[in-house]
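Colleague: Mind having a look at this structure? Questions to follow.
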Amino acid sequence: MVNLEARMDAAYQNNYHPAIQGRIWNSLEGTDFIKRHDAADPPGFAYSNPFPPGDMEEGDQRKLIISSVDEGLLAHVAADLLDEREFNIKQMPFNVENISDFTVDVGEPGTTGVISCGTGLLIKIPHWDLDRYGIEHPKGASSETPVYWRPKYGMEVVRQQIERNLEYKHNLYGSPYTPTPSETEYDLFEGYDLIKQFAVPIQVSSDYEQEYVLSKWRFDYQVQDAAHREHLNLALNLGLGAKNGMGLGFINIQEKSKPHEREGQVTA
């Protein structure tokens, strides 16, 4: 958790993604983690928007969460932010006040809860899956061009693509001793509630901006066993869907209830 203080009045910038991404990668220069920068694999971290959103006055407080399964990666980022506390996120000039670390956990088996996606989820459907879903290939595009999910494609596409994406991340960053999401008999989430869909332009490179169609969701879950707990926590640390390194797919726990709390028992 990075606690920020505005250095001057500023309008909130919704295209904050490249500034935060750039600062994270810059902080990893000279480490083994920088090898992930140009790789096609997910980078192993995710981050929130500066929140709460909204225009700010000098001295206003904002927060930024950066998550990862790699404590070493987070340590390098934290050290850089504390060493150089000026943090300009587009036209939002901040100073880093302090940094705190914390762990998120969906809870022991039997725990229920709700996970929300605040930064927008990008659900990429690879070209080899289009025929299976009955989705037409984009006209005039390469046969290998992916398609990004829209409500007309249905909820089953969402469920399958989210779980396949997490399977890929599990194989990269998860425990080799834990069954993968595809090796379990239950779904990752029990409920998928689409809040809204929206388009946002994102600076993909210094000279190229692309508009992505994103969606915000509420996911209901009930932890089935230790493997399921690990899968859900992996999603919390690495993000869901595609382009997590660009700040998409960051999720957090919105509600959580332990089994004995639902039964009405009083906790200390």
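Simple scheme: letters A, B, ... for chains in structure tokens order, numbers from 1 for residues in each chain, numbers from 1 for ligands in the order shown.
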Find the nearest atom pair between each residue of range 106-210 of chain A and range 18-29 of chain A for residues within 8 Å, count only C-alpha atoms, give distances in Å to one decimal, sort rows by chain and ascending number, and present the table as a tab-separated table.
Modeller:
```
residue	atom	partner	partner_atom	distance
A:Ile202	CA	A:Pro18	CA	7.6
A:Gln203	CA	A:Pro18	CA	6.2
A:Val204	CA	A:Pro18	CA	7.7
```
Colleague: Grab the residues selected above and save them as a PDB file, in the first residue's frame with N, CA and C atoms.
Modeller:
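The resulting file, again25.pdb, is reproduced below:
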```pdb
ATOM      1  N   ILE A 202      -5.587   3.245 -23.757  1.00  0.00           N
ATOM      2  CA  ILE A 202      -4.407   2.942 -22.948  1.00  0.00           C
ATOM      3  C   ILE A 202      -3.171   3.072 -23.820  1.00  0.00           C
ATOM      4  N   GLN A 203      -2.165   3.750 -23.293  1.00  0.00           N
ATOM      5  CA  GLN A 203      -0.907   3.947 -24.008  1.00  0.00           C
ATOM      6  C   GLN A 203      -0.118   2.651 -23.964  1.00  0.00           C
ATOM      7  N   VAL A 204      -0.139   1.895 -25.059  1.00  0.00           N
ATOM      8  CA  VAL A 204       0.539   0.607 -25.116  1.00  0.00           C
ATOM      9  C   VAL A 204       2.043   0.791 -25.259  1.00  0.00           C
TER      10      VAL A 204
END
```
Colleague: Excluding same-chain residues fewer than 6 positions from Ala6 in chain A, what lies within 7 Å of it counting only C-alpha atoms, as JSON, numbers by chain?
Modeller: {"A": [57, 58, 59, 60, 61, 93, 94, 95]}
Colleague: Rank nothing, just name the residue among A:Leu121, A:Met1, A:Ile251, A:Leu81 nearest to Phe198 in chain A, using only C-alpha atoms.
Modeller: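 Comparing A:Leu121, A:Met1, A:Ile251, A:Leu81 against Phe198 in chain A, the winner is A:Leu121.
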Colleague: Report the residues of range 19-208 of chain A whose backbone DSSP state falls under helix (DSSP H, G or I), written as a PyMOL selection string.
Modeller: chain A and resi 19-27+32-36+71-83+127-133+151-153+155-173+181-183
Colleague: Among range 23-101 of chain A, which ones does DSSP assign to strand (DSSP E) (computed from the backbone)? Answer as a ChimeraX atom specification.
Modeller: /A:45-47,61-64,66-68,86-89,92-99
Colleague: Take the residues just selected and output them with N, CA and C atoms as a PDB file, in the first residue's frame.
Modeller:
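What ended up in selection.pdb:
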```pdb
ATOM      1  N   PHE A  45       2.797  -9.171 -11.434  1.00  0.00           N
ATOM      2  CA  PHE A  45       2.317  -8.141 -10.519  1.00  0.00           C
ATOM      3  C   PHE A  45       1.056  -7.512 -11.100  1.00  0.00           C
ATOM      4  N   ALA A  46       0.344  -6.824 -10.241  1.00  0.00           N
ATOM      5  CA  ALA A  46      -0.845  -6.065 -10.642  1.00  0.00           C
ATOM      6  C   ALA A  46      -0.897  -4.815  -9.778  1.00  0.00           C
ATOM      7  N   TYR A  47      -1.722  -3.848 -10.170  1.00  0.00           N
ATOM      8  CA  TYR A  47      -1.816  -2.639  -9.351  1.00  0.00           C
ATOM      9  C   TYR A  47      -3.177  -1.988  -9.543  1.00  0.00           C
ATOM     10  N   GLN A  61      -5.024  13.196   0.118  1.00  0.00           N
ATOM     11  CA  GLN A  61      -4.418  11.872   0.233  1.00  0.00           C
ATOM     12  C   GLN A  61      -5.018  10.913  -0.797  1.00  0.00           C
ATOM     13  N   ARG A  62      -4.165  10.095  -1.368  1.00  0.00           N
ATOM     14  CA  ARG A  62      -4.591   9.009  -2.237  1.00  0.00           C
ATOM     15  C   ARG A  62      -3.773   7.764  -1.879  1.00  0.00           C
ATOM     16  N   LYS A  63      -4.283   6.599  -2.303  1.00  0.00           N
ATOM     17  CA  LYS A  63      -3.589   5.337  -2.054  1.00  0.00           C
ATOM     18  C   LYS A  63      -3.412   4.592  -3.369  1.00  0.00           C
ATOM     19  N   LEU A  64      -2.403   3.750  -3.395  1.00  0.00           N
ATOM     20  CA  LEU A  64      -2.135   2.897  -4.544  1.00  0.00           C
ATOM     21  C   LEU A  64      -1.693   1.540  -4.011  1.00  0.00           C
ATOM     22  N   ILE A  66      -0.031  -2.132  -4.915  1.00  0.00           N
ATOM     23  CA  ILE A  66       0.745  -2.937  -5.859  1.00  0.00           C
ATOM     24  C   ILE A  66       0.827  -4.338  -5.267  1.00  0.00           C
ATOM     25  N   SER A  67       0.467  -5.342  -6.052  1.00  0.00           N
ATOM     26  CA  SER A  67       0.409  -6.709  -5.522  1.00  0.00           C
ATOM     27  C   SER A  67       1.256  -7.654  -6.363  1.00  0.00           C
ATOM     28  N   SER A  68       1.730  -8.714  -5.723  1.00  0.00           N
ATOM     29  CA  SER A  68       2.540  -9.720  -6.399  1.00  0.00           C
ATOM     30  C   SER A  68       2.687 -10.927  -5.487  1.00  0.00           C
ATOM     31  N   GLU A  86       9.183  11.500  -5.129  1.00  0.00           N
ATOM     32  CA  GLU A  86       8.358  12.207  -6.099  1.00  0.00           C
ATOM     33  C   GLU A  86       7.773  11.197  -7.075  1.00  0.00           C
ATOM     34  N   PHE A  87       6.456  11.166  -7.166  1.00  0.00           N
ATOM     35  CA  PHE A  87       5.774  10.167  -7.980  1.00  0.00           C
ATOM     36  C   PHE A  87       4.703  10.888  -8.789  1.00  0.00           C
ATOM     37  N   ASN A  88       5.031  11.164 -10.051  1.00  0.00           N
ATOM     38  CA  ASN A  88       4.100  11.869 -10.930  1.00  0.00           C
ATOM     39  C   ASN A  88       3.331  10.856 -11.770  1.00  0.00           C
ATOM     40  N   ILE A  89       2.024  10.788 -11.553  1.00  0.00           N
ATOM     41  CA  ILE A  89       1.163   9.867 -12.286  1.00  0.00           C
ATOM     42  C   ILE A  89       0.409  10.699 -13.322  1.00  0.00           C
ATOM     43  N   MET A  92      -0.887  14.130 -12.392  1.00  0.00           N
ATOM     44  CA  MET A  92      -1.196  14.101 -10.957  1.00  0.00           C
ATOM     45  C   MET A  92       0.119  13.994 -10.186  1.00  0.00           C
ATOM     46  N   PRO A  93       0.628  15.108  -9.655  1.00  0.00           N
ATOM     47  CA  PRO A  93       1.917  15.077  -8.961  1.00  0.00           C
ATOM     48  C   PRO A  93       1.751  14.712  -7.485  1.00  0.00           C
ATOM     49  N   PHE A  94       2.425  13.646  -7.068  1.00  0.00           N
ATOM     50  CA  PHE A  94       2.346  13.174  -5.691  1.00  0.00           C
ATOM     51  C   PHE A  94       3.727  13.097  -5.055  1.00  0.00           C
ATOM     52  N   ASN A  95       3.717  13.056  -3.738  1.00  0.00           N
ATOM     53  CA  ASN A  95       4.849  12.607  -2.950  1.00  0.00           C
ATOM     54  C   ASN A  95       4.451  11.329  -2.230  1.00  0.00           C
ATOM     55  N   VAL A  96       5.385  10.377  -2.140  1.00  0.00           N
ATOM     56  CA  VAL A  96       5.142   9.155  -1.386  1.00  0.00           C
ATOM     57  C   VAL A  96       5.324   9.469   0.093  1.00  0.00           C
ATOM     58  N   GLU A  97       4.257   9.354   0.859  1.00  0.00           N
ATOM     59  CA  GLU A  97       4.321   9.615   2.300  1.00  0.00           C
ATOM     60  C   GLU A  97       4.902   8.433   3.046  1.00  0.00           C
ATOM     61  N   ASN A  98       4.362   7.262   2.808  1.00  0.00           N
ATOM     62  CA  ASN A  98       4.874   6.042   3.438  1.00  0.00           C
ATOM     63  C   ASN A  98       4.330   4.838   2.695  1.00  0.00           C
ATOM     64  N   ILE A  99       4.871   3.681   3.045  1.00  0.00           N
ATOM     65  CA  ILE A  99       4.477   2.426   2.429  1.00  0.00           C
ATOM     66  C   ILE A  99       4.248   1.397   3.528  1.00  0.00           C
TER      67      ILE A  99
END
```
Colleague: I'd like to know which of A:Ile123, A:Asp9, A:Glu185, A:His137 is closest to Val157 in chain A, using only C-alpha atoms.
Modeller: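 Nearest to Val157 in chain A: A:Ile123.
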Colleague: Between A:Gln254, A:Asn171, A:Asn237, A:Ser142, single out the one closest to Thr103 in chain A, counting only C-alpha atoms.
Modeller: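 Closest to Thr103 in chain A of all the choices is A:Asn237.
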Colleague: Where does range 79-196 of chain A meet range 214-223 of chain A within 10 Å, residue by residue, with the nearest atom pair and distance in Å to one decimal for each, counting only C-alpha atoms, listed by chain and rising number, as CSV?
Modeller:
```
residue,atom,partner,partner_atom,distance
A:Val106,CA,A:Val223,CA,7.5
A:Gly107,CA,A:Val223,CA,7.2
A:Glu108,CA,A:Val223,CA,6.8
A:Pro109,CA,A:Val223,CA,4.7
A:Gly110,CA,A:Val223,CA,5.2
A:Thr111,CA,A:Val223,CA,5.5
A:Thr112,CA,A:Gln222,CA,4.2
A:Gly113,CA,A:Tyr221,CA,5.5
A:Val114,CA,A:Asp220,CA,4.6
A:Ile115,CA,A:Phe219,CA,5.0
A:Ser116,CA,A:Arg218,CA,4.6
A:Cys117,CA,A:Trp217,CA,5.4
A:Gly118,CA,A:Lys216,CA,6.4
A:Thr119,CA,A:Lys216,CA,7.3
A:Gly120,CA,A:Lys216,CA,5.0
A:Leu121,CA,A:Ser215,CA,5.1
A:Leu122,CA,A:Leu214,CA,5.2
A:Ile123,CA,A:Leu214,CA,7.8
A:Tyr148,CA,A:Leu214,CA,8.6
A:Trp149,CA,A:Leu214,CA,8.4
A:Arg150,CA,A:Ser215,CA,8.7
A:Pro151,CA,A:Ser215,CA,9.5
A:Asp187,CA,A:Tyr221,CA,9.1
A:Leu188,CA,A:Tyr221,CA,7.4
A:Phe189,CA,A:Tyr221,CA,4.8
A:Glu190,CA,A:Tyr221,CA,5.1
A:Gly191,CA,A:Asp220,CA,4.7
A:Tyr192,CA,A:Phe219,CA,4.9
A:Asp193,CA,A:Arg218,CA,5.0
A:Leu194,CA,A:Trp217,CA,4.7
A:Ile195,CA,A:Trp217,CA,5.3
A:Lys196,CA,A:Lys216,CA,5.5
```
Colleague: Provide the CA of Pro179 in chain A to CA of Ala226 in chain A distance in Å, to one decimal place.
Modeller: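 Straight-line distance from CA of Pro179 in chain A to CA of Ala226 in chain A works out to 9.8 Å.
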Colleague: Between A:Tyr133, A:Asp80, A:Ser100, A:Pro50, which is the closest to Asn15 in chain A once you count only C-alpha atoms?
Modeller: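 Distance minimum relative to Asn15 in chain A lands on A:Pro50.
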Colleague: Quick one: everything within 10 Å of Gly44 in chain A, counting only C-alpha atoms, minus sequence neighbours fewer than 2 positions away in the same chain. Send it as a CSV table (one decimal) with C-alpha atoms, in the first residue's frame.
Modeller:
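And here's out_3.csv as it stands now:
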```csv
chain,number,residue,atom,x,y,z
A,33,PHE,CA,12.7,-9.3,-12.5
A,36,ARG,CA,9.9,-10.1,-17.6
A,41,ASP,CA,4.1,-13.9,-20.1
A,42,PRO,CA,2.2,-12.1,-17.4
A,46,ALA,CA,-0.8,-6.1,-10.6
A,67,SER,CA,0.4,-6.7,-5.5
A,68,SER,CA,2.5,-9.7,-6.4
A,69,VAL,CA,3.4,-13.2,-5.3
A,70,ASP,CA,7.1,-12.2,-5.3
A,73,LEU,CA,9.7,-7.7,-6.4
A,169,LYS,CA,-0.5,-17.9,-14.3
A,172,LEU,CA,4.2,-19.7,-14.0
A,173,TYR,CA,3.9,-18.5,-10.4
A,234,LEU,CA,-3.1,-16.1,-6.7
A,237,ASN,CA,-1.9,-11.1,-6.2
A,238,LEU,CA,-1.6,-11.3,-10.0
A,239,GLY,CA,-4.9,-10.0,-11.3
A,244,ASN,CA,-2.3,-6.9,-15.7
A,245,GLY,CA,1.1,-5.2,-16.2
```
Colleague: Which is closest to Lys256 in chain A among A:Glu163, A:Ala75, A:Asp105, A:Gly30, if we use only C-alpha atoms?
Modeller: A:Asp105
